[in-house]
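One file, query-v5.pdb, carrying PDB, C-alpha atoms, pLDDT in the B column:
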```pdb
ATOM      1  CA  MET A  81     110.958 125.106  66.897  1.00 55.00           C
ATOM      2  CA  SER A  82     111.719 121.386  66.667  1.00 66.00           C
ATOM      3  CA  ARG A  83     115.278 122.054  67.871  1.00 72.00           C
ATOM      4  CA  VAL A  84     113.928 123.838  70.944  1.00 72.00           C
ATOM      5  CA  MET A  85     111.514 120.951  71.572  1.00 76.00           C
ATOM      6  CA  TRP A  86     114.363 118.428  71.267  1.00 76.00           C
ATOM      7  CA  GLN A  87     116.351 120.405  73.825  1.00 77.00           C
ATOM      8  CA  GLN A  88     113.311 120.592  76.128  1.00 79.00           C
ATOM      9  CA  LEU A  89     112.775 116.838  75.829  1.00 78.00           C
ATOM     10  CA  LYS A  90     116.421 116.087  76.607  1.00 81.00           C
ATOM     11  CA  LEU A  91     116.311 118.279  79.731  1.00 82.00           C
ATOM     12  CA  LEU A  92     113.102 116.642  80.931  1.00 82.00           C
ATOM     13  CA  GLU A  93     114.381 113.097  80.376  1.00 84.00           C
ATOM     14  CA  ASP A  94     117.801 113.831  81.912  1.00 84.00           C
ATOM     15  CA  ASP A  95     116.205 115.292  85.059  1.00 84.00           C
ATOM     16  CA  TYR A  96     113.419 112.675  85.319  1.00 83.00           C
ATOM     17  CA  PRO A  97     115.331 109.963  87.323  1.00 85.00           C
ATOM     18  CA  ASN A  98     116.293 112.497  90.006  1.00 83.00           C
ATOM     19  CA  GLN A  99     112.749 113.780  90.583  1.00 80.00           C
ATOM     20  CA  PRO A 100     110.461 112.582  93.444  1.00 79.00           C
ATOM     21  CA  LEU A 101     107.561 110.350  92.440  1.00 77.00           C
ATOM     22  CA  PHE A 102     104.891 113.070  92.492  1.00 71.00           C
ATOM     23  CA  ALA A 103     107.049 115.264  90.231  1.00 76.00           C
ATOM     24  CA  GLN A 104     107.794 112.349  87.885  1.00 79.00           C
ATOM     25  CA  ARG A 105     104.060 111.926  87.210  1.00 79.00           C
ATOM     26  CA  ALA A 106     103.771 115.485  85.882  1.00 79.00           C
ATOM     27  CA  ASP A 107     107.101 115.290  84.031  1.00 80.00           C
ATOM     28  CA  LEU A 108     106.119 112.007  82.339  1.00 82.00           C
ATOM     29  CA  ILE A 109     102.963 113.574  80.915  1.00 84.00           C
ATOM     30  CA  GLU A 110     104.991 116.499  79.555  1.00 83.00           C
ATOM     31  CA  ILE A 111     107.688 114.155  78.150  1.00 81.00           C
ATOM     32  CA  ASN A 112     105.094 112.162  76.227  1.00 82.00           C
ATOM     33  CA  ARG A 113     103.334 115.339  75.031  1.00 82.00           C
ATOM     34  CA  VAL A 114     106.595 116.595  73.526  1.00 81.00           C
ATOM     35  CA  ARG A 115     107.379 113.147  72.115  1.00 80.00           C
ATOM     36  CA  ALA A 116     103.992 113.075  70.406  1.00 79.00           C
ATOM     37  CA  LEU A 117     104.639 116.458  68.847  1.00 80.00           C
ATOM     38  CA  LEU A 118     108.034 115.191  67.630  1.00 80.00           C
ATOM     39  CA  ASP A 119     106.396 112.022  66.244  1.00 78.00           C
ATOM     40  CA  MET A 120     108.341 109.846  68.697  1.00 82.00           C
ATOM     41  CA  PRO A 121     107.094 106.755  70.581  1.00 83.00           C
ATOM     42  CA  LEU A 122     105.694 107.172  74.093  1.00 84.00           C
ATOM     43  CA  VAL A 123     107.605 105.948  77.143  1.00 80.00           C
ATOM     44  CA  ASP A 124     106.485 104.311  80.385  1.00 80.00           C
ATOM     45  CA  ASP A 125     107.391 105.420  83.934  1.00 80.00           C
ATOM     46  CA  LYS A 126     110.899 103.989  83.473  1.00 82.00           C
ATOM     47  CA  LEU A 127     111.361 105.929  80.215  1.00 84.00           C
ATOM     48  CA  ASN A 128     111.235 102.702  78.204  1.00 84.00           C
ATOM     49  CA  GLU A 129     109.478 103.001  74.853  1.00 81.00           C
ATOM     50  CA  ILE A 130     106.036 101.384  74.963  1.00 74.00           C
ATOM     51  CA  GLY A 131     105.602 100.769  71.266  1.00 56.00           C
ATOM     52  CA  VAL A 132     105.134 102.680  68.073  1.00 51.00           C
ATOM     53  CA  VAL A 133     101.704 103.012  66.589  1.00 50.00           C
ATOM     54  CA  LYS A 134     101.754 103.135  62.830  1.00 49.00           C
ATOM     55  CA  LYS A 135      99.692 105.938  61.358  1.00 54.00           C
ATOM     56  CA  GLU A 136      96.934 104.771  59.085  1.00 59.00           C
ATOM     57  CA  PRO A 137      96.722 106.815  55.879  1.00 59.00           C
ATOM     58  CA  LYS A 138      93.646 109.015  55.788  1.00 62.00           C
ATOM     59  CA  PRO A 139      91.222 108.118  53.004  1.00 62.00           C
ATOM     60  CA  LYS A 140      90.617 110.678  50.291  1.00 60.00           C
ATOM     61  CA  ALA A 141      87.705 112.995  50.930  1.00 56.00           C
ATOM     62  CA  ALA A 142      85.698 111.569  48.041  1.00 51.00           C
ATOM     63  CA  GLU A 143      86.239 107.961  49.078  1.00 55.00           C
ATOM     64  CA  PRO A 144      83.987 106.361  51.707  1.00 51.00           C
ATOM     65  CA  LYS A 145      85.543 104.449  54.602  1.00 50.00           C
ATOM     66  CA  ALA A 146      86.353 100.900  53.628  1.00 46.00           C
ATOM     67  CA  GLU A 147      84.944  99.538  56.876  1.00 52.00           C
ATOM     68  CA  VAL A 148      83.582 100.636  60.220  1.00 59.00           C
ATOM     69  CA  CYS A 149      86.039 100.049  63.083  1.00 76.00           C
ATOM     70  CA  ASP A 150      84.885  97.852  65.914  1.00 83.00           C
ATOM     71  CA  HIS A 151      85.645  99.860  69.047  1.00 89.00           C
ATOM     72  CA  THR A 152      84.212  97.338  71.537  1.00 89.00           C
ATOM     73  CA  GLU A 153      87.525  96.451  73.187  1.00 89.00           C
ATOM     74  CA  ALA A 154      88.813 100.026  73.142  1.00 91.00           C
ATOM     75  CA  ARG A 155      85.579 101.296  74.659  1.00 92.00           C
ATOM     76  CA  GLU A 156      85.833  98.687  77.466  1.00 94.00           C
ATOM     77  CA  ILE A 157      89.409  99.802  78.170  1.00 93.00           C
ATOM     78  CA  TYR A 158      88.332 103.437  78.224  1.00 94.00           C
ATOM     79  CA  ARG A 159      85.439 102.667  80.589  1.00 95.00           C
ATOM     80  CA  ALA A 160      87.826 100.765  82.891  1.00 94.00           C
ATOM     81  CA  TYR A 161      90.103 103.805  82.839  1.00 93.00           C
ATOM     82  CA  LEU A 162      87.258 106.164  83.770  1.00 95.00           C
ATOM     83  CA  LYS A 163      86.182 103.836  86.586  1.00 96.00           C
ATOM     84  CA  LYS A 164      89.730 103.666  87.926  1.00 94.00           C
ATOM     85  CA  LEU A 165      89.919 107.453  87.880  1.00 95.00           C
ATOM     86  CA  ASP A 166      86.594 107.645  89.689  1.00 95.00           C
ATOM     87  CA  ASP A 167      87.763 105.120  92.295  1.00 94.00           C
ATOM     88  CA  LEU A 168      91.060 106.939  92.849  1.00 95.00           C
ATOM     89  CA  LYS A 169      89.708 110.493  93.001  1.00 95.00           C
ATOM     90  CA  PRO A 170      88.482 110.495  96.642  1.00 96.00           C
ATOM     91  CA  HIS A 171      91.818 109.015  97.739  1.00 96.00           C
ATOM     92  CA  GLN A 172      93.769 111.569  95.699  1.00 95.00           C
ATOM     93  CA  ASP A 173      91.685 114.460  97.046  1.00 96.00           C
ATOM     94  CA  TYR A 174      92.195 113.085 100.564  1.00 97.00           C
ATOM     95  CA  ALA A 175      95.966 112.865 100.042  1.00 96.00           C
ATOM     96  CA  ASP A 176      95.991 116.487  98.923  1.00 96.00           C
ATOM     97  CA  ARG A 177      93.995 117.608 101.989  1.00 96.00           C
ATOM     98  CA  VAL A 178      96.272 115.766 104.415  1.00 97.00           C
ATOM     99  CA  ALA A 179      99.442 117.015 102.701  1.00 96.00           C
ATOM    100  CA  ARG A 180      98.191 120.624 102.914  1.00 95.00           C
ATOM    101  CA  ALA A 181      96.972 120.252 106.502  1.00 96.00           C
ATOM    102  CA  THR A 182     100.259 118.793 107.770  1.00 95.00           C
ATOM    103  CA  GLY A 183     102.636 120.706 105.479  1.00 89.00           C
ATOM    104  CA  GLY A 184     104.741 123.781 106.056  1.00 84.00           C
ATOM    105  CA  PRO A 185     108.026 124.578 107.807  1.00 85.00           C
ATOM    106  CA  GLY A 186     108.667 124.019 111.484  1.00 89.00           C
ATOM    107  CA  GLN A 187     106.246 122.299 113.823  1.00 95.00           C
ATOM    108  CA  THR A 188     103.292 120.216 112.647  1.00 96.00           C
ATOM    109  CA  PRO A 189      99.635 120.930 113.494  1.00 97.00           C
ATOM    110  CA  VAL A 190      98.396 118.308 115.944  1.00 97.00           C
ATOM    111  CA  ARG A 191      94.738 118.282 114.931  1.00 97.00           C
ATOM    112  CA  PRO A 192      95.211 116.605 111.491  1.00 97.00           C
ATOM    113  CA  LEU A 193      97.555 114.046 113.045  1.00 98.00           C
ATOM    114  CA  ALA A 194      94.847 113.129 115.522  1.00 97.00           C
ATOM    115  CA  THR A 195      91.685 113.404 113.405  1.00 97.00           C
ATOM    116  CA  MET A 196      92.386 113.033 109.666  1.00 97.00           C
ATOM    117  CA  GLY A 197      92.955 109.266 109.669  1.00 96.00           C
ATOM    118  CA  THR A 198      90.457 106.570 108.745  1.00 96.00           C
ATOM    119  CA  GLY A 199      87.053 107.177 110.312  1.00 94.00           C
ATOM    120  CA  GLY A 200      88.177 110.437 111.920  1.00 95.00           C
ATOM    121  CA  GLY A 201      90.882 108.691 113.927  1.00 96.00           C
ATOM    122  CA  PRO A 202      94.623 109.379 113.968  1.00 98.00           C
ATOM    123  CA  LEU A 203      96.862 109.222 110.933  1.00 97.00           C
ATOM    124  CA  LEU A 204      98.778 105.943 111.072  1.00 98.00           C
ATOM    125  CA  CYS A 205     102.184 105.008 109.740  1.00 97.00           C
ATOM    126  CA  ASP A 206     101.708 102.945 106.588  1.00 97.00           C
ATOM    127  CA  ARG A 207     104.456 100.543 107.669  1.00 96.00           C
ATOM    128  CA  CYS A 208     104.024  99.933 111.416  1.00 96.00           C
ATOM    129  CA  LYS A 209     100.332 101.020 111.582  1.00 97.00           C
ATOM    130  CA  LYS A 210     100.976 103.151 114.706  1.00 97.00           C
ATOM    131  CA  PRO A 211     100.031 106.828 115.306  1.00 98.00           C
ATOM    132  CA  ILE A 212     102.438 109.734 115.111  1.00 98.00           C
ATOM    133  CA  VAL A 213     104.148 110.604 118.423  1.00 98.00           C
ATOM    134  CA  LEU A 214     104.642 114.152 119.722  1.00 97.00           C
ATOM    135  CA  GLU A 215     107.949 115.550 120.969  1.00 96.00           C
ATOM    136  CA  GLY A 216     108.553 118.162 123.677  1.00 93.00           C
ATOM    137  CA  GLY A 217     106.535 119.668 126.495  1.00 91.00           C
ATOM    138  CA  GLN A 218     104.137 117.835 128.748  1.00 94.00           C
ATOM    139  CA  TYR A 219     102.982 115.585 125.875  1.00 96.00           C
ATOM    140  CA  HIS A 220     106.444 114.319 124.952  1.00 97.00           C
ATOM    141  CA  GLY A 221     106.211 110.695 123.794  1.00 96.00           C
ATOM    142  CA  VAL A 222     102.392 110.748 123.666  1.00 97.00           C
ATOM    143  CA  ASN A 223     100.461 109.603 120.584  1.00 97.00           C
ATOM    144  CA  ALA A 224      98.906 112.546 118.745  1.00 97.00           C
ATOM    145  CA  ASP A 225      95.318 111.305 119.188  1.00 97.00           C
ATOM    146  CA  ASP A 226      95.726 110.721 122.931  1.00 97.00           C
ATOM    147  CA  ALA A 227      97.308 114.139 123.366  1.00 97.00           C
ATOM    148  CA  TRP A 228      94.550 115.782 121.322  1.00 97.00           C
ATOM    149  CA  ALA A 229      91.835 114.133 123.412  1.00 96.00           C
ATOM    150  CA  ARG A 230      93.365 115.800 126.466  1.00 96.00           C
ATOM    151  CA  ASN A 231      94.129 119.147 124.822  1.00 94.00           C
ATOM    152  CA  PRO A 232      91.946 119.841 121.724  1.00 95.00           C
ATOM    153  CA  GLN A 233      93.354 123.244 120.727  1.00 93.00           C
ATOM    154  CA  ASP A 234      92.936 124.171 117.031  1.00 89.00           C
ATOM    155  CA  ASN A 235      96.142 126.226 116.869  1.00 92.00           C
ATOM    156  CA  TRP A 236      98.297 123.592 118.592  1.00 96.00           C
ATOM    157  CA  VAL A 237     101.514 122.642 116.802  1.00 96.00           C
ATOM    158  CA  SER A 238     104.244 120.253 117.930  1.00 96.00           C
ATOM    159  CA  TRP A 239     107.534 118.693 116.965  1.00 97.00           C
ATOM    160  CA  ILE A 240     107.319 115.023 115.948  1.00 97.00           C
ATOM    161  CA  LEU A 241     109.271 112.439 117.920  1.00 96.00           C
ATOM    162  CA  GLY A 242     111.441 110.457 115.510  1.00 94.00           C
ATOM    163  CA  GLY A 243     110.318 112.423 112.470  1.00 95.00           C
ATOM    164  CA  MET A 244     107.450 111.985 110.030  1.00 96.00           C
ATOM    165  CA  VAL A 245     107.116 111.728 106.243  1.00 96.00           C
ATOM    166  CA  VAL A 246     103.942 112.657 104.351  1.00 96.00           C
ATOM    167  CA  GLU A 247     104.200 111.216 100.832  1.00 95.00           C
ATOM    168  CA  VAL A 248     101.900 111.325  97.824  1.00 95.00           C
ATOM    169  CA  GLN A 249     102.511 108.130  95.855  1.00 94.00           C
ATOM    170  CA  VAL A 250     102.817 107.809  92.084  1.00 90.00           C
ATOM    171  CA  ASN A 251      99.061 107.130  91.802  1.00 93.00           C
ATOM    172  CA  GLY A 252      98.233 110.206  93.896  1.00 94.00           C
ATOM    173  CA  THR A 253      97.352 108.357  97.117  1.00 96.00           C
ATOM    174  CA  LEU A 254      98.585 109.103 100.632  1.00 97.00           C
ATOM    175  CA  ARG A 255     101.410 107.491 102.619  1.00 97.00           C
ATOM    176  CA  ILE A 256     102.430 108.432 106.184  1.00 97.00           C
ATOM    177  CA  TYR A 257     105.678 107.136 107.704  1.00 97.00           C
ATOM    178  CA  HIS A 258     107.656 107.540 110.901  1.00 97.00           C
ATOM    179  CA  GLY A 259     111.289 108.530 110.564  1.00 95.00           C
ATOM    180  CA  TYR A 260     113.715 110.722 108.661  1.00 94.00           C
ATOM    181  CA  PRO A 261     114.566 109.885 105.045  1.00 92.00           C
ATOM    182  CA  GLY A 262     118.113 108.583 104.708  1.00 87.00           C
ATOM    183  CA  ARG A 263     118.982 108.735 108.419  1.00 85.00           C
ATOM    184  CA  GLY A 264     118.487 105.099 109.363  1.00 82.00           C
ATOM    185  CA  GLN A 265     117.697 101.894 107.495  1.00 85.00           C
ATOM    186  CA  LYS A 266     115.207 100.832 110.174  1.00 92.00           C
ATOM    187  CA  HIS A 267     113.180 104.045 110.014  1.00 95.00           C
ATOM    188  CA  CYS A 268     109.729 103.229 108.668  1.00 97.00           C
ATOM    189  CA  CYS A 269     110.048 105.695 105.788  1.00 96.00           C
ATOM    190  CA  ASN A 270     113.342 104.153 104.613  1.00 95.00           C
ATOM    191  CA  VAL A 271     112.123 100.560 104.951  1.00 96.00           C
ATOM    192  CA  ALA A 272     109.025 101.454 102.922  1.00 96.00           C
ATOM    193  CA  SER A 273     111.072 103.328 100.321  1.00 94.00           C
ATOM    194  CA  THR A 274     113.357 100.321  99.788  1.00 94.00           C
ATOM    195  CA  LYS A 275     110.386  97.978  99.496  1.00 94.00           C
ATOM    196  CA  ASP A 276     108.656 100.280  97.008  1.00 93.00           C
ATOM    197  CA  ARG A 277     111.803 100.655  94.902  1.00 91.00           C
ATOM    198  CA  LYS A 278     112.248  96.878  94.686  1.00 92.00           C
ATOM    199  CA  ALA A 279     108.593  96.433  93.716  1.00 92.00           C
ATOM    200  CA  ARG A 280     108.947  99.044  90.961  1.00 89.00           C
ATOM    201  CA  GLU A 281     112.109  97.379  89.646  1.00 87.00           C
ATOM    202  CA  LYS A 282     110.439  93.968  89.662  1.00 88.00           C
ATOM    203  CA  PHE A 283     107.366  95.253  87.840  1.00 85.00           C
ATOM    204  CA  GLU A 284     107.556  94.800  84.084  1.00 73.00           C
ATOM    205  CA  SER A 285     105.574  97.175  81.915  1.00 63.00           C
ATOM    206  CA  GLU A 286     104.721  95.195  78.806  1.00 60.00           C
ATOM    207  CA  PRO A 287     104.459  97.047  75.491  1.00 58.00           C
ATOM    208  CA  ARG A 288     100.899  97.075  74.224  1.00 65.00           C
ATOM    209  CA  PRO A 289     101.061  98.321  70.622  1.00 66.00           C
ATOM    210  CA  ALA A 290      97.854  96.485  69.684  1.00 73.00           C
ATOM    211  CA  LYS A 291      95.871  98.164  72.466  1.00 82.00           C
ATOM    212  CA  GLU A 292      97.465 101.503  71.632  1.00 87.00           C
ATOM    213  CA  ALA A 293      96.355 101.202  68.013  1.00 87.00           C
ATOM    214  CA  LEU A 294      92.824 100.257  69.092  1.00 89.00           C
ATOM    215  CA  LEU A 295      92.633 103.198  71.471  1.00 91.00           C
ATOM    216  CA  LEU A 296      94.003 105.732  69.005  1.00 91.00           C
ATOM    217  CA  ALA A 297      91.487 104.601  66.395  1.00 91.00           C
ATOM    218  CA  PHE A 298      88.742 104.872  69.009  1.00 91.00           C
ATOM    219  CA  PHE A 299      89.862 108.401  69.954  1.00 93.00           C
ATOM    220  CA  ALA A 300      89.873 109.459  66.300  1.00 92.00           C
ATOM    221  CA  ASP A 301      86.189 108.499  65.982  1.00 91.00           C
ATOM    222  CA  GLU A 302      85.044 109.329  69.511  1.00 90.00           C
ATOM    223  CA  PHE A 303      86.927 112.619  69.966  1.00 93.00           C
ATOM    224  CA  PRO A 304      87.381 114.023  66.428  1.00 91.00           C
ATOM    225  CA  ASP A 305      87.734 117.594  67.682  1.00 92.00           C
ATOM    226  CA  GLN A 306      90.833 116.782  69.726  1.00 92.00           C
ATOM    227  CA  SER A 307      94.333 117.063  68.269  1.00 93.00           C
ATOM    228  CA  GLN A 308      96.695 114.148  67.754  1.00 91.00           C
ATOM    229  CA  ALA A 309      98.798 115.427  70.661  1.00 92.00           C
ATOM    230  CA  GLU A 310      95.719 115.311  72.908  1.00 93.00           C
ATOM    231  CA  HIS A 311      94.986 111.761  71.758  1.00 93.00           C
ATOM    232  CA  PHE A 312      98.535 110.672  72.591  1.00 92.00           C
ATOM    233  CA  ALA A 313      98.346 112.403  75.994  1.00 93.00           C
ATOM    234  CA  LEU A 314      95.094 110.558  76.769  1.00 93.00           C
ATOM    235  CA  LEU A 315      96.636 107.292  75.563  1.00 92.00           C
ATOM    236  CA  HIS A 316      99.531 107.751  77.963  1.00 91.00           C
ATOM    237  CA  LYS A 317      97.184 108.483  80.882  1.00 92.00           C
ATOM    238  CA  ILE A 318      95.227 105.295  80.181  1.00 92.00           C
ATOM    239  CA  ILE A 319      98.352 103.135  79.861  1.00 89.00           C
ATOM    240  CA  ASP A 320      99.827 104.707  82.997  1.00 88.00           C
ATOM    241  CA  THR A 321      96.606 104.289  85.012  1.00 90.00           C
ATOM    242  CA  LEU A 322      95.689 100.754  83.958  1.00 90.00           C
ATOM    243  CA  TYR A 323      98.962  99.037  83.068  1.00 87.00           C
ATOM    244  CA  SER A 324     101.861 100.762  84.845  1.00 87.00           C
ATOM    245  CA  TYR A 325     103.130 100.036  88.363  1.00 89.00           C
ATOM    246  CA  ASP A 326     100.353 100.579  90.890  1.00 91.00           C
ATOM    247  CA  PRO A 327     101.306 100.946  94.592  1.00 93.00           C
ATOM    248  CA  GLY A 328      97.679 100.540  95.648  1.00 93.00           C
ATOM    249  CA  LEU A 329      95.964 102.494  98.423  1.00 93.00           C
ATOM    250  CA  GLY A 330      97.434 103.516 101.747  1.00 94.00           C
ATOM    251  CA  VAL A 331      96.434 102.598 105.285  1.00 96.00           C
ATOM    252  CA  ASN A 332      94.753 105.958 105.894  1.00 97.00           C
ATOM    253  CA  ARG A 333      91.453 106.314 104.054  1.00 95.00           C
ATOM    254  CA  PRO A 334      89.067 109.205 103.391  1.00 95.00           C
ATOM    255  CA  ALA A 335      85.610 109.375 104.890  1.00 84.00           C
ATOM    256  CA  THR A 336      82.901 107.673 102.815  1.00 73.00           C
ATOM    257  CA  GLY A 337      79.298 108.576 102.235  1.00 53.00           C
TER     258      GLY A 337
END
```
Could you write out this structure as structure tokens?
Amino acid sequence: MSRVMWQQLKLLEDDYPNQPLFAQRADLIEINRVRALLDMPLVDDKLNEIGVVKKEPKPKAAEPKAEVCDHTEAREIYRAYLKKLDDLKPHQDYADRVARATGGPGQTPVRPLATMGTGGGPLLCDRCKKPIVLEGGQYHGVNADDAWARNPQDNWVSWILGGMVVEVQVNGTLRIYHGYPGRGQKHCCNVASTKDRKAREKFESEPRPAKEALLLAFFADEFPDQSQAEHFALLHKIIDTLYSYDPGLGVNRPATG
């Protein structure tokens, strides 16, 4: 079994650099789950090891615990993690709705382009802050929201002038860009991609073995029914959410209230 798991881990880590960001998030969780099962250190989003937590020997059943662990710091970290998840969730749900509404082969539905942006307005490019422009027919070259105001038809689909990219970032939030990936350096999507790549390369994920040890001890007391693999998976999620590269929120925001 361990040989199969080693082979699975090698395939996952070899393919990881070639995956898009949204796929890397899922692959990274699986990589660290397998690593935990193989008693290997976790890795960050660049596949660099983030420290090895030494296992504390379990006391004998007849012996009482020498001391009670102080989980104050770990509990504060865990609460910060839960708050961050709570803050991100509406933006992640919104990104999923927009991606589904605008996705699919061929032409793009006009209604989401015109109405799913901030405050019910148009979706804007995260780089130039301008609406998406339609291509073809009597509305060629017209912003999606202006065209929709003149022709609000639910089943209306259109080609996009200059192309459009709908991207879900590494933290699950939405990005909209004009352009075609790889076709021109000045296309908004390619400018943004270069900027994001440089920011990720500049970001340094510091190993936090002390915090990892605190959190694992906290999990052992707080979640005794969970397995060690589940504790390591939760540890990775916390490190990834609080301490890894964070691209922030996009220009387009979900409705509030």
| request: Do a neighbour search on Asp301 (chain A) at 12 Å with only C-alpha atoms, toss out local chain neighbours closer than 5 positions, and write the hits as a list in words. | output: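 Once the adjacent positions are removed, what remains is Val148, Cys149, Asp150, His151, Ala154, Arg155, Leu294, Leu295, Leu296, Gln306 and His311 of chain A.
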| field | Distance criterion (all atoms listed in the file): nearest to Gly200 (chain A) out of A:Asp225, A:Gln87, A:Lys126, A:Pro170 | value | A:Asp225
Excluding Ile256 (chain A) and its own-chain neighbours fewer than 4 positions away, which residues fall within 12 Å of it when counting only C-alpha atoms? Please give them as a compact mmCIF listing (two decimals) with C-alpha atoms, keeping the file's coordinate frame.
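Generated file (around_15.txt):
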```txt
# COMPACT_ATOMS: atom_id res chain seq x y z
CA ALA A 175 95.97 112.86 100.04
CA VAL A 178 96.27 115.77 104.42
CA ALA A 179 99.44 117.02 102.70
CA THR A 182 100.26 118.79 107.77
CA LEU A 193 97.56 114.05 113.04
CA MET A 196 92.39 113.03 109.67
CA GLY A 197 92.96 109.27 109.67
CA PRO A 202 94.62 109.38 113.97
CA LEU A 203 96.86 109.22 110.93
CA LEU A 204 98.78 105.94 111.07
CA CYS A 205 102.18 105.01 109.74
CA ASP A 206 101.71 102.94 106.59
CA ARG A 207 104.46 100.54 107.67
CA CYS A 208 104.02 99.93 111.42
CA LYS A 209 100.33 101.02 111.58
CA LYS A 210 100.98 103.15 114.71
CA PRO A 211 100.03 106.83 115.31
CA ILE A 212 102.44 109.73 115.11
CA GLY A 243 110.32 112.42 112.47
CA MET A 244 107.45 111.98 110.03
CA VAL A 245 107.12 111.73 106.24
CA VAL A 246 103.94 112.66 104.35
CA GLU A 247 104.20 111.22 100.83
CA VAL A 248 101.90 111.32 97.82
CA GLN A 249 102.51 108.13 95.86
CA TYR A 260 113.72 110.72 108.66
CA CYS A 268 109.73 103.23 108.67
CA CYS A 269 110.05 105.70 105.79
CA ASN A 270 113.34 104.15 104.61
CA ALA A 272 109.02 101.45 102.92
CA SER A 273 111.07 103.33 100.32
CA LEU A 329 95.96 102.49 98.42
CA GLY A 330 97.43 103.52 101.75
CA VAL A 331 96.43 102.60 105.28
CA ASN A 332 94.75 105.96 105.89
CA ARG A 333 91.45 106.31 104.05
```
To test the calculation: enclose all listed atoms of region 188-196 of chain A in a box whose edges run along x, y and z, add 4 Å on each side, then state centre and edge lengths in Å to one decimal, as lines of an AutoDock Vina configuration file.
```
center_x = 97.5
center_y = 117.0
center_z = 112.8
size_x = 19.6
size_y = 15.9
size_z = 14.3
```
| Coordinates-based distance that separates CA of Val237 (chain A) from CA of Val190 (chain A) (Å, one decimal) |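 It comes out at 5.4 Å.
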| Expanded to explicit residues, what is the PyMOL selection byres ((chain A and resi 122) around 8) for this file, as a list in words? |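 Written out, the selection comes to Asn112, Arg115, Ala116, Met120, Pro121, Val123, Asp124, Glu129, Ile130, Gly131, Val132 and His316 of chain A.
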